[in-house]
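Source file: entry13.pdb; contents: PDB, C-alpha atoms.
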ATOM      1  CA  MET A   1     124.164 -37.898  61.727
ATOM      2  CA  VAL A   2     121.770 -40.451  63.229
ATOM      3  CA  SER A   3     120.479 -42.741  60.476
ATOM      4  CA  THR A   4     118.565 -45.461  62.375
ATOM      5  CA  TRP A   5     116.646 -45.869  65.632
ATOM      6  CA  THR A   6     119.167 -48.485  66.713
ATOM      7  CA  GLU A   7     121.981 -45.991  66.405
ATOM      8  CA  LEU A   8     119.907 -43.366  68.236
ATOM      9  CA  ASN A   9     119.234 -45.744  71.140
ATOM     10  CA  HIS A  10     122.926 -46.589  71.249
ATOM     11  CA  ARG A  11     123.882 -42.919  71.473
ATOM     12  CA  LEU A  12     121.254 -42.262  74.148
ATOM     13  CA  LEU A  13     122.676 -45.099  76.240
ATOM     14  CA  LEU A  14     126.142 -43.551  75.888
ATOM     15  CA  ALA A  15     124.835 -40.133  76.918
ATOM     16  CA  GLN A  16     122.900 -41.247  80.001
ATOM     17  CA  PRO A  17     125.970 -41.731  82.280
ATOM     18  CA  HIS A  18     127.204 -38.240  81.388
ATOM     19  CA  ILE A  19     123.777 -36.713  82.080
ATOM     20  CA  LYS A  20     123.557 -38.437  85.462
ATOM     21  CA  ALA A  21     127.124 -37.463  86.345
ATOM     22  CA  ASN A  22     126.470 -33.798  85.559
ATOM     23  CA  SER A  23     123.039 -33.611  87.206
ATOM     24  CA  PRO A  24     124.377 -32.572  90.686
ATOM     25  CA  TYR A  25     126.431 -29.857  89.070
ATOM     26  CA  LEU A  26     123.466 -28.573  87.072
ATOM     27  CA  GLN A  27     121.255 -28.614  90.160
ATOM     28  CA  LYS A  28     123.839 -26.502  91.960
ATOM     29  CA  VAL A  29     123.940 -24.043  89.072
ATOM     30  CA  LEU A  30     120.151 -23.854  89.016
ATOM     31  CA  SER A  31     120.001 -23.026  92.728
ATOM     32  CA  ARG A  32     122.287 -20.052  92.141
ATOM     33  CA  ASN A  33     120.545 -18.871  88.962
ATOM     34  CA  PRO A  34     116.787 -19.392  89.333
ATOM     35  CA  GLU A  35     116.065 -17.494  86.126
ATOM     36  CA  LYS A  36     117.894 -20.190  84.117
ATOM     37  CA  GLN A  37     115.981 -23.122  85.580
ATOM     38  CA  ARG A  38     113.641 -23.625  82.636
ATOM     39  CA  PHE A  39     116.467 -23.578  80.090
ATOM     40  CA  GLU A  40     118.811 -25.819  82.060
ATOM     41  CA  GLN A  41     116.051 -28.298  82.894
ATOM     42  CA  ALA A  42     115.220 -28.541  79.196
ATOM     43  CA  LEU A  43     118.820 -29.528  78.432
ATOM     44  CA  LEU A  44     118.470 -32.558  80.676
ATOM     45  CA  HIS A  45     115.577 -33.836  78.548
ATOM     46  CA  VAL A  46     117.039 -33.276  75.062
ATOM     47  CA  ALA A  47     117.937 -36.938  74.552
ATOM     48  CA  ASP A  48     114.516 -38.156  75.705
ATOM     49  CA  SER A  49     112.778 -35.572  73.504
ATOM     50  CA  ILE A  50     114.689 -36.756  70.442
ATOM     51  CA  LYS A  51     113.617 -40.327  71.145
ATOM     52  CA  THR A  52     109.979 -39.244  71.557
ATOM     53  CA  MET A  53     109.623 -36.548  68.866
ATOM     54  CA  GLY A  54     112.182 -37.668  66.291
ATOM     55  CA  PRO A  55     115.057 -35.632  64.803
ATOM     56  CA  VAL A  56     115.484 -32.102  66.131
ATOM     57  CA  TRP A  57     114.856 -30.442  62.769
ATOM     58  CA  THR A  58     111.256 -31.780  62.721
ATOM     59  CA  SER A  59     110.212 -29.622  65.666
ATOM     60  CA  TRP A  60     112.549 -26.664  65.915
ATOM     61  CA  ALA A  61     111.162 -23.122  65.657
ATOM     62  CA  PHE A  62     113.622 -21.566  63.219
ATOM     63  CA  PRO A  63     111.339 -21.777  60.131
ATOM     64  CA  MET A  64     108.521 -20.066  62.039
ATOM     65  CA  GLU A  65     110.857 -17.388  63.379
ATOM     66  CA  ARG A  66     112.104 -16.726  59.862
ATOM     67  CA  PHE A  67     108.512 -16.485  58.619
ATOM     68  CA  CYS A  68     107.668 -13.984  61.380
ATOM     69  CA  GLY A  69     110.662 -11.949  60.284
ATOM     70  CA  ARG A  70     109.133 -11.731  56.803
ATOM     71  CA  LEU A  71     105.756 -10.692  58.213
ATOM     72  CA  GLN A  72     107.048  -7.898  60.432
ATOM     73  CA  PRO A  73     107.760  -5.309  57.681
ATOM     74  CA  VAL A  74     104.367  -6.087  56.066
ATOM     75  CA  ILE A  75     102.447  -4.377  58.875
ATOM     76  CA  LYS A  76     101.689  -0.833  57.673
ATOM     77  CA  SER A  77      98.720  -0.002  59.899
ATOM     78  CA  ARG A  78      98.798   0.096  63.684
ATOM     79  CA  ARG A  79      94.998  -0.014  63.877
ATOM     80  CA  ARG A  80      94.525  -3.035  61.586
ATOM     81  CA  PRO A  81      97.709  -5.128  61.607
ATOM     82  CA  ASP A  82      95.645  -8.301  61.098
ATOM     83  CA  ALA A  83      94.336  -7.023  57.754
ATOM     84  CA  CYS A  84      97.874  -6.337  56.534
ATOM     85  CA  LEU A  85      99.015  -9.814  57.520
ATOM     86  CA  ALA A  86      95.999 -11.536  55.987
ATOM     87  CA  ARG A  87      96.383  -9.707  52.682
ATOM     88  CA  TYR A  88     100.103 -10.484  52.437
ATOM     89  CA  ILE A  89      99.700 -14.175  53.303
ATOM     90  CA  GLY A  90      96.849 -14.585  50.812
ATOM     91  CA  GLU A  91      98.635 -12.831  47.946
ATOM     92  CA  GLU A  92     101.884 -14.706  48.573
ATOM     93  CA  ALA A  93      99.991 -18.029  48.552
ATOM     94  CA  GLN A  94      98.360 -17.108  45.229
ATOM     95  CA  LEU A  95     101.693 -16.174  43.654
ATOM     96  CA  THR A  96     103.262 -19.380  44.961
ATOM     97  CA  HIS A  97     100.551 -21.552  43.400
ATOM     98  CA  ILE A  98     100.703 -19.675  40.085
ATOM     99  CA  GLY A  99     104.478 -20.007  39.999
ATOM    100  CA  LEU A 100     104.376 -23.744  40.663
ATOM    101  CA  ILE A 101     101.604 -24.441  38.162
ATOM    102  CA  HIS A 102     103.073 -22.352  35.316
ATOM    103  CA  HIS A 103     106.772 -22.892  36.174
ATOM    104  CA  MET A 104     107.334 -19.195  36.871
ATOM    105  CA  THR A 105     108.727 -19.353  40.420
ATOM    106  CA  GLU A 106     111.754 -17.160  39.710
ATOM    107  CA  GLU A 107     109.766 -14.606  37.679
ATOM    108  CA  LEU A 108     107.174 -14.169  40.460
ATOM    109  CA  ALA A 109     109.614 -14.158  43.393
ATOM    110  CA  LEU A 110     109.051 -11.196  45.707
ATOM    111  CA  GLN A 111     112.696 -11.083  46.753
ATOM    112  CA  ARG A 112     115.580  -9.884  44.649
ATOM    113  CA  PRO A 113     117.609 -12.748  43.214
ATOM    114  CA  ALA A 114     121.013 -13.090  44.806
ATOM    115  CA  LYS A 115     123.971 -12.156  42.657
ATOM    116  CA  ASP A 116     125.798 -15.112  41.199
ATOM    117  CA  GLN A 117     129.244 -13.660  41.872
ATOM    118  CA  VAL A 118     130.978 -11.588  44.494
ATOM    119  CA  ILE A 119     132.985  -8.605  43.288
ATOM    120  CA  GLY A 120     136.609  -9.647  42.924
ATOM    121  CA  GLU A 121     136.068 -13.387  43.241
ATOM    122  CA  PHE A 122     137.837 -15.941  41.056
ATOM    123  CA  ARG A 123     136.417 -19.169  39.640
ATOM    124  CA  ASP A 124     137.819 -21.855  37.404
ATOM    125  CA  MET A 125     136.047 -24.575  35.430
ATOM    126  CA  SER A 126     138.261 -27.271  36.936
ATOM    127  CA  TYR A 127     136.856 -26.399  40.397
ATOM    128  CA  PRO A 128     133.097 -26.021  39.836
ATOM    129  CA  THR A 129     132.276 -26.011  43.560
ATOM    130  CA  CYS A 130     134.957 -23.504  44.622
ATOM    131  CA  ALA A 131     135.183 -19.718  44.512
ATOM    132  CA  LEU A 132     138.187 -17.754  45.765
ATOM    133  CA  LEU A 133     137.212 -14.537  47.536
ATOM    134  CA  PRO A 134     139.328 -11.406  47.979
ATOM    135  CA  PRO A 135     141.661 -10.060  49.210
ATOM    136  CA  ARG A 136     144.215 -11.292  46.696
ATOM    137  CA  ARG A 137     147.942 -10.983  47.315
ATOM    138  CA  ALA A 138     151.002 -12.081  45.386
ATOM    139  CA  GLY A 139     154.771 -11.656  45.329
ATOM    140  CA  ALA A 140     157.791 -12.689  47.360
ATOM    141  CA  VAL A 141     156.661 -10.579  50.332
ATOM    142  CA  VAL A 142     153.491 -12.658  50.786
ATOM    143  CA  ILE A 143     154.938 -16.023  49.743
ATOM    144  CA  ASP A 144     158.420 -16.465  51.180
ATOM    145  CA  GLN A 145     161.024 -18.889  49.901
ATOM    146  CA  SER A 146     160.168 -21.652  52.395
ATOM    147  CA  MET A 147     156.467 -21.518  51.474
ATOM    148  CA  LEU A 148     157.357 -21.556  47.775
ATOM    149  CA  LEU A 149     159.449 -24.683  48.316
ATOM    150  CA  LYS A 150     156.554 -26.447  50.060
ATOM    151  CA  ILE A 151     154.205 -25.567  47.195
ATOM    152  CA  LEU A 152     156.720 -26.848  44.646
ATOM    153  CA  LYS A 153     157.071 -30.128  46.554
ATOM    154  CA  ALA A 154     153.287 -30.554  46.508
ATOM    155  CA  LEU A 155     153.247 -29.911  42.752
ATOM    156  CA  ALA A 156     156.127 -32.350  42.238
ATOM    157  CA  THR A 157     154.085 -35.051  43.978
ATOM    158  CA  ARG A 158     150.997 -34.148  41.952
ATOM    159  CA  PHE A 159     152.715 -34.289  38.550
ATOM    160  CA  ASP A 160     155.186 -37.045  39.569
ATOM    161  CA  LEU A 161     158.132 -34.941  38.399
ATOM    162  CA  PRO A 162     161.525 -34.036  39.894
ATOM    163  CA  LEU A 163     161.549 -30.882  42.003
ATOM    164  CA  ALA A 164     164.246 -29.309  39.799
ATOM    165  CA  ILE A 165     161.935 -29.275  36.761
ATOM    166  CA  LEU A 166     159.163 -27.511  38.719
ATOM    167  CA  LYS A 167     161.618 -24.882  39.959
ATOM    168  CA  ARG A 168     162.458 -23.884  36.379
ATOM    169  CA  HIS A 169     158.839 -23.174  35.409
ATOM    170  CA  VAL A 170     156.954 -22.173  38.593
ATOM    171  CA  SER A 171     157.953 -19.120  40.640
ATOM    172  CA  HIS A 172     156.400 -16.355  42.744
ATOM    173  CA  ALA A 173     154.898 -14.876  39.582
ATOM    174  CA  ASN A 174     152.667 -17.951  39.169
ATOM    175  CA  ILE A 175     151.291 -18.040  42.738
ATOM    176  CA  GLU A 176     148.686 -15.896  44.498
ATOM    177  CA  ARG A 177     147.296 -16.047  48.024
ATOM    178  CA  TRP A 178     143.562 -15.556  48.435
ATOM    179  CA  GLY A 179     141.253 -15.080  51.379
ATOM    180  CA  LYS A 180     141.185 -13.083  54.587
ATOM    181  CA  GLN A 181     143.011 -14.154  57.704
ATOM    182  CA  ASP A 182     141.715 -13.450  61.203
ATOM    183  CA  SER A 183     142.512 -14.503  64.744
ATOM    184  CA  ARG A 184     139.214 -16.215  65.616
ATOM    185  CA  ASP A 185     140.437 -19.745  64.770
ATOM    186  CA  ALA A 186     137.167 -20.493  62.981
ATOM    187  CA  THR A 187     139.066 -22.378  60.310
ATOM    188  CA  PHE A 188     139.428 -25.894  61.703
ATOM    189  CA  ILE A 189     138.571 -28.411  59.040
ATOM    190  CA  ARG A 190     138.527 -32.067  58.155
ATOM    191  CA  TYR A 191     140.486 -33.097  55.075
ATOM    192  CA  GLU A 192     141.189 -36.412  53.410
ATOM    193  CA  VAL A 193     144.219 -37.369  51.332
ATOM    194  CA  LEU A 194     145.772 -40.478  49.844
ATOM    195  CA  VAL A 195     148.744 -41.667  51.892
ATOM    196  CA  ASP A 196     151.344 -44.155  50.721
ATOM    197  CA  ARG A 197     151.277 -47.099  53.083
ATOM    198  CA  HIS A 198     154.924 -47.851  52.196
ATOM    199  CA  ALA A 199     156.199 -44.262  52.239
ATOM    200  CA  ARG A 200     159.184 -45.158  54.439
ATOM    201  CA  GLN A 201     160.220 -48.109  52.277
ATOM    202  CA  ARG A 202     161.917 -46.808  49.152
ATOM    203  CA  ASN A 203     162.100 -50.028  47.182
ATOM    204  CA  THR A 204     158.511 -51.086  47.888
ATOM    205  CA  PRO A 205     155.769 -50.246  45.336
ATOM    206  CA  SER A 206     153.420 -47.497  46.489
ATOM    207  CA  VAL A 207     150.058 -48.528  47.925
ATOM    208  CA  PHE A 208     147.790 -45.547  48.541
ATOM    209  CA  GLU A 209     144.955 -45.497  51.051
ATOM    210  CA  LYS A 210     142.551 -42.750  52.081
ATOM    211  CA  LYS A 211     143.227 -41.204  55.468
ATOM    212  CA  THR A 212     141.339 -38.548  57.409
ATOM    213  CA  PHE A 213     143.065 -35.611  59.083
ATOM    214  CA  TYR A 214     141.986 -32.566  61.067
ATOM    215  CA  GLY A 215     143.765 -29.230  61.092
ATOM    216  CA  CYS A 216     143.676 -25.446  60.943
ATOM    217  CA  LEU A 217     143.436 -23.869  57.490
ATOM    218  CA  GLN A 218     146.187 -21.248  57.186
ATOM    219  CA  HIS A 219     146.339 -20.191  53.522
ATOM    220  CA  ILE A 220     144.645 -20.732  50.173
ATOM    221  CA  PHE A 221     146.842 -20.473  47.074
ATOM    222  CA  LEU A 222     146.063 -20.098  43.396
ATOM    223  CA  VAL A 223     148.804 -21.602  41.226
ATOM    224  CA  GLN A 224     148.980 -21.091  37.472
ATOM    225  CA  VAL A 225     151.196 -23.825  36.048
ATOM    226  CA  PRO A 226     152.293 -22.777  32.533
ATOM    227  CA  ALA A 227     151.946 -24.950  29.463
ATOM    228  CA  GLU A 228     155.218 -26.822  29.139
ATOM    229  CA  LEU A 229     156.050 -30.100  27.417
ATOM    230  CA  SER A 230     158.505 -31.068  30.148
ATOM    231  CA  LEU A 231     155.583 -30.840  32.610
ATOM    232  CA  GLY A 232     153.266 -32.772  30.306
ATOM    233  CA  LEU A 233     150.921 -29.775  29.936
ATOM    234  CA  THR A 234     149.665 -28.371  26.647
ATOM    235  CA  THR A 235     147.639 -25.570  28.263
ATOM    236  CA  THR A 236     147.982 -23.480  31.402
ATOM    237  CA  THR A 237     146.630 -25.430  34.389
ATOM    238  CA  THR A 238     144.978 -23.767  37.386
ATOM    239  CA  ILE A 239     145.376 -25.414  40.787
ATOM    240  CA  PHE A 240     143.810 -24.393  44.113
ATOM    241  CA  LEU A 241     145.946 -25.419  47.074
ATOM    242  CA  ALA A 242     145.260 -25.279  50.807
ATOM    243  CA  ALA A 243     147.992 -24.911  53.447
ATOM    244  CA  ILE A 244     146.898 -26.652  56.652
ATOM    245  CA  THR A 245     148.497 -27.060  60.068
ATOM    246  CA  PRO A 246     147.500 -30.592  61.144
ATOM    247  CA  CYS A 247     146.210 -31.444  64.615
ATOM    248  CA  GLN A 248     148.180 -33.982  66.623
ATOM    249  CA  LEU A 249     145.258 -36.197  67.627
ATOM    250  CA  ASP A 250     145.187 -37.903  71.004
ATOM    251  CA  SER A 251     143.609 -41.271  71.672
ATOM    252  CA  THR A 252     139.796 -41.238  71.754
ATOM    253  CA  PRO A 253     138.052 -42.953  74.690
ATOM    254  CA  SER A 254     136.334 -46.174  73.658
ATOM    255  CA  HIS A 255     132.860 -44.939  74.675
ATOM    256  CA  LEU A 256     133.168 -41.961  72.288
ATOM    257  CA  THR A 257     134.449 -43.701  69.158
ATOM    258  CA  SER A 258     130.956 -43.967  67.642
ATOM    259  CA  LEU A 259     130.238 -40.237  68.104
ATOM    260  CA  ASP A 260     132.987 -39.051  65.725
ATOM    261  CA  ILE A 261     134.571 -36.844  68.400
ATOM    262  CA  HIS A 262     138.347 -36.464  68.406
ATOM    263  CA  PHE A 263     140.763 -34.785  70.808
ATOM    264  CA  TYR A 264     144.043 -32.919  70.375
ATOM    265  CA  THR A 265     146.404 -30.952  72.566
ATOM    266  CA  SER A 266     148.789 -29.363  70.075
ATOM    267  CA  LEU A 267     149.195 -28.606  66.381
ATOM    268  CA  GLY A 268     151.877 -29.940  64.094
ATOM    269  CA  THR A 269     155.044 -27.999  63.332
ATOM    270  CA  SER A 270     154.842 -28.328  59.523
ATOM    271  CA  LEU A 271     152.236 -27.445  56.915
ATOM    272  CA  ASP A 272     150.324 -29.885  54.750
ATOM    273  CA  ILE A 273     149.857 -28.557  51.206
ATOM    274  CA  VAL A 274     146.881 -30.322  49.605
ATOM    275  CA  ASP A 275     144.444 -29.729  46.770
ATOM    276  CA  ILE A 276     141.452 -27.674  47.879
ATOM    277  CA  VAL A 277     139.034 -30.498  46.991
ATOM    278  CA  CYS A 278     140.593 -32.574  49.782
ATOM    279  CA  VAL A 279     139.011 -30.179  52.283
ATOM    280  CA  GLN A 280     135.669 -31.711  53.245
ATOM    281  CA  CYS A 281     134.047 -29.515  55.886
ATOM    282  CA  LEU A 282     134.449 -27.250  58.886
ATOM    283  CA  VAL A 283     134.503 -28.824  62.343
ATOM    284  CA  GLY A 284     133.640 -27.390  65.728
ATOM    285  CA  ARG A 285     135.977 -27.091  68.702
ATOM    286  CA  ILE A 286     135.207 -27.383  72.402
ATOM    287  CA  PRO A 287     137.849 -26.442  75.007
ATOM    288  CA  MET A 288     138.623 -29.170  77.530
ATOM    289  CA  ASP A 289     140.914 -29.224  80.554
ATOM    290  CA  ARG A 290     144.715 -28.754  80.503
ATOM    291  CA  GLY A 291     144.834 -27.175  77.067
ATOM    292  CA  ARG A 292     143.026 -30.063  75.430
ATOM    293  CA  TRP A 293     140.452 -29.523  72.671
ATOM    294  CA  ALA A 294     137.645 -31.683  71.340
ATOM    295  CA  LEU A 295     136.870 -31.683  67.618
ATOM    296  CA  VAL A 296     133.208 -32.252  66.792
ATOM    297  CA  ASP A 297     132.500 -33.452  63.254
ATOM    298  CA  ARG A 298     128.784 -33.467  62.407
ATOM    299  CA  SER A 299     129.091 -33.759  58.636
ATOM    300  CA  GLY A 300     127.957 -37.383  58.526
ATOM    301  CA  ASN A 301     128.852 -40.087  56.034
ATOM    302  CA  LEU A 302     127.829 -38.025  52.988
ATOM    303  CA  ALA A 303     130.716 -35.537  53.303
ATOM    304  CA  ARG A 304     133.477 -37.957  52.414
ATOM    305  CA  ALA A 305     135.999 -37.729  49.611
ATOM    306  CA  GLU A 306     136.016 -40.215  46.750
ATOM    307  CA  PHE A 307     139.254 -40.695  44.857
ATOM    308  CA  THR A 308     139.195 -41.907  41.262
ATOM    309  CA  GLU A 309     141.935 -43.037  38.933
TER     310      GLU A 309
END

C-alpha cells encoding of this file:
Amino acid sequence: MVSTWTELNHRLLLAQPHIKANSPYLQKVLSRNPEKQRFEQALLHVADSIKTMGPVWTSWAFPMERFCGRLQPVIKSRRRPDACLARYIGEEAQLTHIGLIHHMTEELALQRPAKDQVIGEFRDMSYPTCALLPPRRAGAVVIDQSMLLKILKALATRFDLPLAILKRHVSHANIERWGKQDSRDATFIRYEVLVDRHARQRNTPSVFEKKTFYGCLQHIFLVQVPAELSLGLTTTTTIFLAAITPCQLDSTPSHLTSLDIHFYTSLGTSLDIVDIVCVQCLVGRIPMDRGRWALVDRSGNLARAEFTE
C-alpha cells in the first residue's frame, strides 16, 4: 500500500531499472505478436500513469463495467433500448434518494439481501470474524495420532499445562476438521505469532516478540475443550486452530526490501499449529527460476496482528 507521494516516488525509482532492463524483451515480444502491442505498451507506462493520475483505483473501469452489467437485463425492447435504460436509471435514483433521506435503504433495495449464513457453517461467539464452512470431518481416520499429538502440544502451550493433563481430557472425539482441500495451492497465507526470544535457553525467563511467517494452510480444526477444573475451565471452550506448513524464506535483495516481497524455495517439514486469529491474509505467489517462488503481500500496514495481555 502506497501511503505518501515520497514512498510512491521511491518505488517508481526502484521499478525504473527493471522496466528498462525488460524493454528489449518486450519489444521482441511485440514484434512477434502485433495484436498485443497496445496492451504491452500500456504496461510500460503503468508507473508513470500512477504518478500522473494517482492511485489505480481512482481511474479503473470496474465500477462502470459492473454498472453496465446491471443495465443489460433492464433492456426489454429492441426498438427503444434507450427508453428502458432511462426509466431504470431515473427510478433507481429516486429510490436511492428516498432511502437515504428516510433511512430505508435496506427496505427499498432492488436486490435480494444476501443470506447471513451458509448451510452447514459453524460460528462461535469467541471468533466473531470467523465462520467454518463444510465439509466437516471427524474421527481417527481424518485426524491421525501424530496430528492429534501436535494439536495437544499447541493446546498445552496455550493453557500452560503439562501435555499429560491435556491427553486425559482431549481426544479425537473433541476435534473436527473443517473446510475443503484442493490441489490449486491457493492457500498461501501470512500469519503472525509470539515467539519466545529465549526458547533455547531453559533457565532464562521467556521474552515474547511478534514475528511474521508465511506458509501454506493445510487444515482447519475445531477443538472443543471440555470444562475441567484441572484445565482451569468452568465451561466448554471452543478453539479454532490452523495447521500451516511454513515457507523457508530466502534472503531478500536489498532493493526489494521496501516492497514487502519475499522469496522461498522449499517448505518446512513440520506443521505449525496456531490459533486461527493469527492468520492475517492471503498472499500471492509468482514462480521464479530454479524452483524459486516470490511471495507478494499487498495487505498493507492495516492487516497486522495486535497481541494483548

Using the chain letters and numbers from the file, give me the residues hit by the PyMOL selection byres ((chain A and resi 240) around 9), as a PDB file with C-alpha atoms, in the frame of the given file.
ATOM      1  CA  TYR A 127     136.856 -26.399  40.397  1.00  0.00           C
ATOM      2  CA  CYS A 130     134.957 -23.504  44.622  1.00  0.00           C
ATOM      3  CA  LEU A 132     138.187 -17.754  45.765  1.00  0.00           C
ATOM      4  CA  ILE A 220     144.645 -20.732  50.173  1.00  0.00           C
ATOM      5  CA  PHE A 221     146.842 -20.473  47.074  1.00  0.00           C
ATOM      6  CA  LEU A 222     146.063 -20.098  43.396  1.00  0.00           C
ATOM      7  CA  VAL A 223     148.804 -21.602  41.226  1.00  0.00           C
ATOM      8  CA  THR A 238     144.978 -23.767  37.386  1.00  0.00           C
ATOM      9  CA  ILE A 239     145.376 -25.414  40.787  1.00  0.00           C
ATOM     10  CA  LEU A 241     145.946 -25.419  47.074  1.00  0.00           C
ATOM     11  CA  ALA A 242     145.260 -25.279  50.807  1.00  0.00           C
ATOM     12  CA  VAL A 274     146.881 -30.322  49.605  1.00  0.00           C
ATOM     13  CA  ASP A 275     144.444 -29.729  46.770  1.00  0.00           C
ATOM     14  CA  ILE A 276     141.452 -27.674  47.879  1.00  0.00           C
ATOM     15  CA  VAL A 277     139.034 -30.498  46.991  1.00  0.00           C
TER      16      VAL A 277
END

If we count only C-alpha atoms, what is near region 165-176 of chain A at a cut-off of 10 Å, once residues fewer than 3 positions away on the same chain are taken out, given as a ChimeraX atom specification?
-> /A:136-145,148-149,151-153,155-156,159,161-162,220-228,230-231,238-240

Exercise. Quick one: apply the PyMOL selection byres ((chain A and resi 219) around 10) to the file and drop the selected residues here as a PyMOL selection string.
Key: chain A and resi 177-181+216-218+220-221+241-245+271+273

task = Have a look at CA of Leu249 (chain A) and CA of Gly291 (chain A) and let me know their distance in Å, one decimal.
result =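 If I compute the distance from CA of Leu249 (chain A) to CA of Gly291 (chain A), I get 13.1 Å.
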
re CA of Met147 (chain A) and CA of Arg285 (chain A): distance 27.3 Å

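When CA of Val296 (chain A) is paired with CA of Lys51 (chain A), their separation reads 21.6 Å.
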
- Task: Could you tell me which residues the PyMOL selection byres ((chain A and resi 261) around 12) grabs in this file, written as number ranges by chain?
- Result: A: 190, 214, 249-260, 262-264, 283-286, 293-300

Of A:Gly232, A:Arg197, A:Asp272, A:Thr212, the one sitting nearest Lys150 (chain A) when using all atoms listed in the file is A:Asp272

inquiry  = Give me, as a list in words, all polymer residues having an atom no more than 9 Å from Ile89 (chain A), counting all atoms listed in the file and skipping those fewer than 5 positions away in the same chain.
reply    =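 Skipping anything fewer than 5 positions along the chain leaves Leu71, Cys84 and Gln94 of chain A.
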
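Distance check against Asp124 (chain A) using all atoms listed in the file: of A:Thr236, A:Thr157, A:Cys278, A:Arg292, the minimum falls on A:Thr236.
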
Box time for region 85-100 of chain A: axis-aligned, enclosing all its listed atoms, 4 Å extra on each side; report centre and edge lengths in Å to one decimal, as lines of an AutoDock Vina configuration file.
center_x = 100.2
center_y = -16.7
center_z = 48.8
size_x = 16.5
size_y = 22.0
size_z = 25.5

- prompt: What's the 12 Å shell around Thr96 (chain A), counting all atoms listed in the file, without same-chain residues fewer than 5 positions away, as a ChimeraX atom specification?
  reply: /A:89-91,101-110

Generate the output file for the selected residues, C-alpha atoms, as a short mmCIF file (atom, residue, chain, number, x, y, z; two decimals), in the coordinates of the input.
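The resulting file, part.cif, is shown below:
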data_model
loop_
_atom_site.label_atom_id
_atom_site.label_comp_id
_atom_site.auth_asym_id
_atom_site.auth_seq_id
_atom_site.Cartn_x
_atom_site.Cartn_y
_atom_site.Cartn_z
CA ILE A 89 99.70 -14.18 53.30
CA GLY A 90 96.85 -14.58 50.81
CA GLU A 91 98.64 -12.83 47.95
CA ILE A 101 101.60 -24.44 38.16
CA HIS A 102 103.07 -22.35 35.32
CA HIS A 103 106.77 -22.89 36.17
CA MET A 104 107.33 -19.20 36.87
CA THR A 105 108.73 -19.35 40.42
CA GLU A 106 111.75 -17.16 39.71
CA GLU A 107 109.77 -14.61 37.68
CA LEU A 108 107.17 -14.17 40.46
CA ALA A 109 109.61 -14.16 43.39
CA LEU A 110 109.05 -11.20 45.71
#
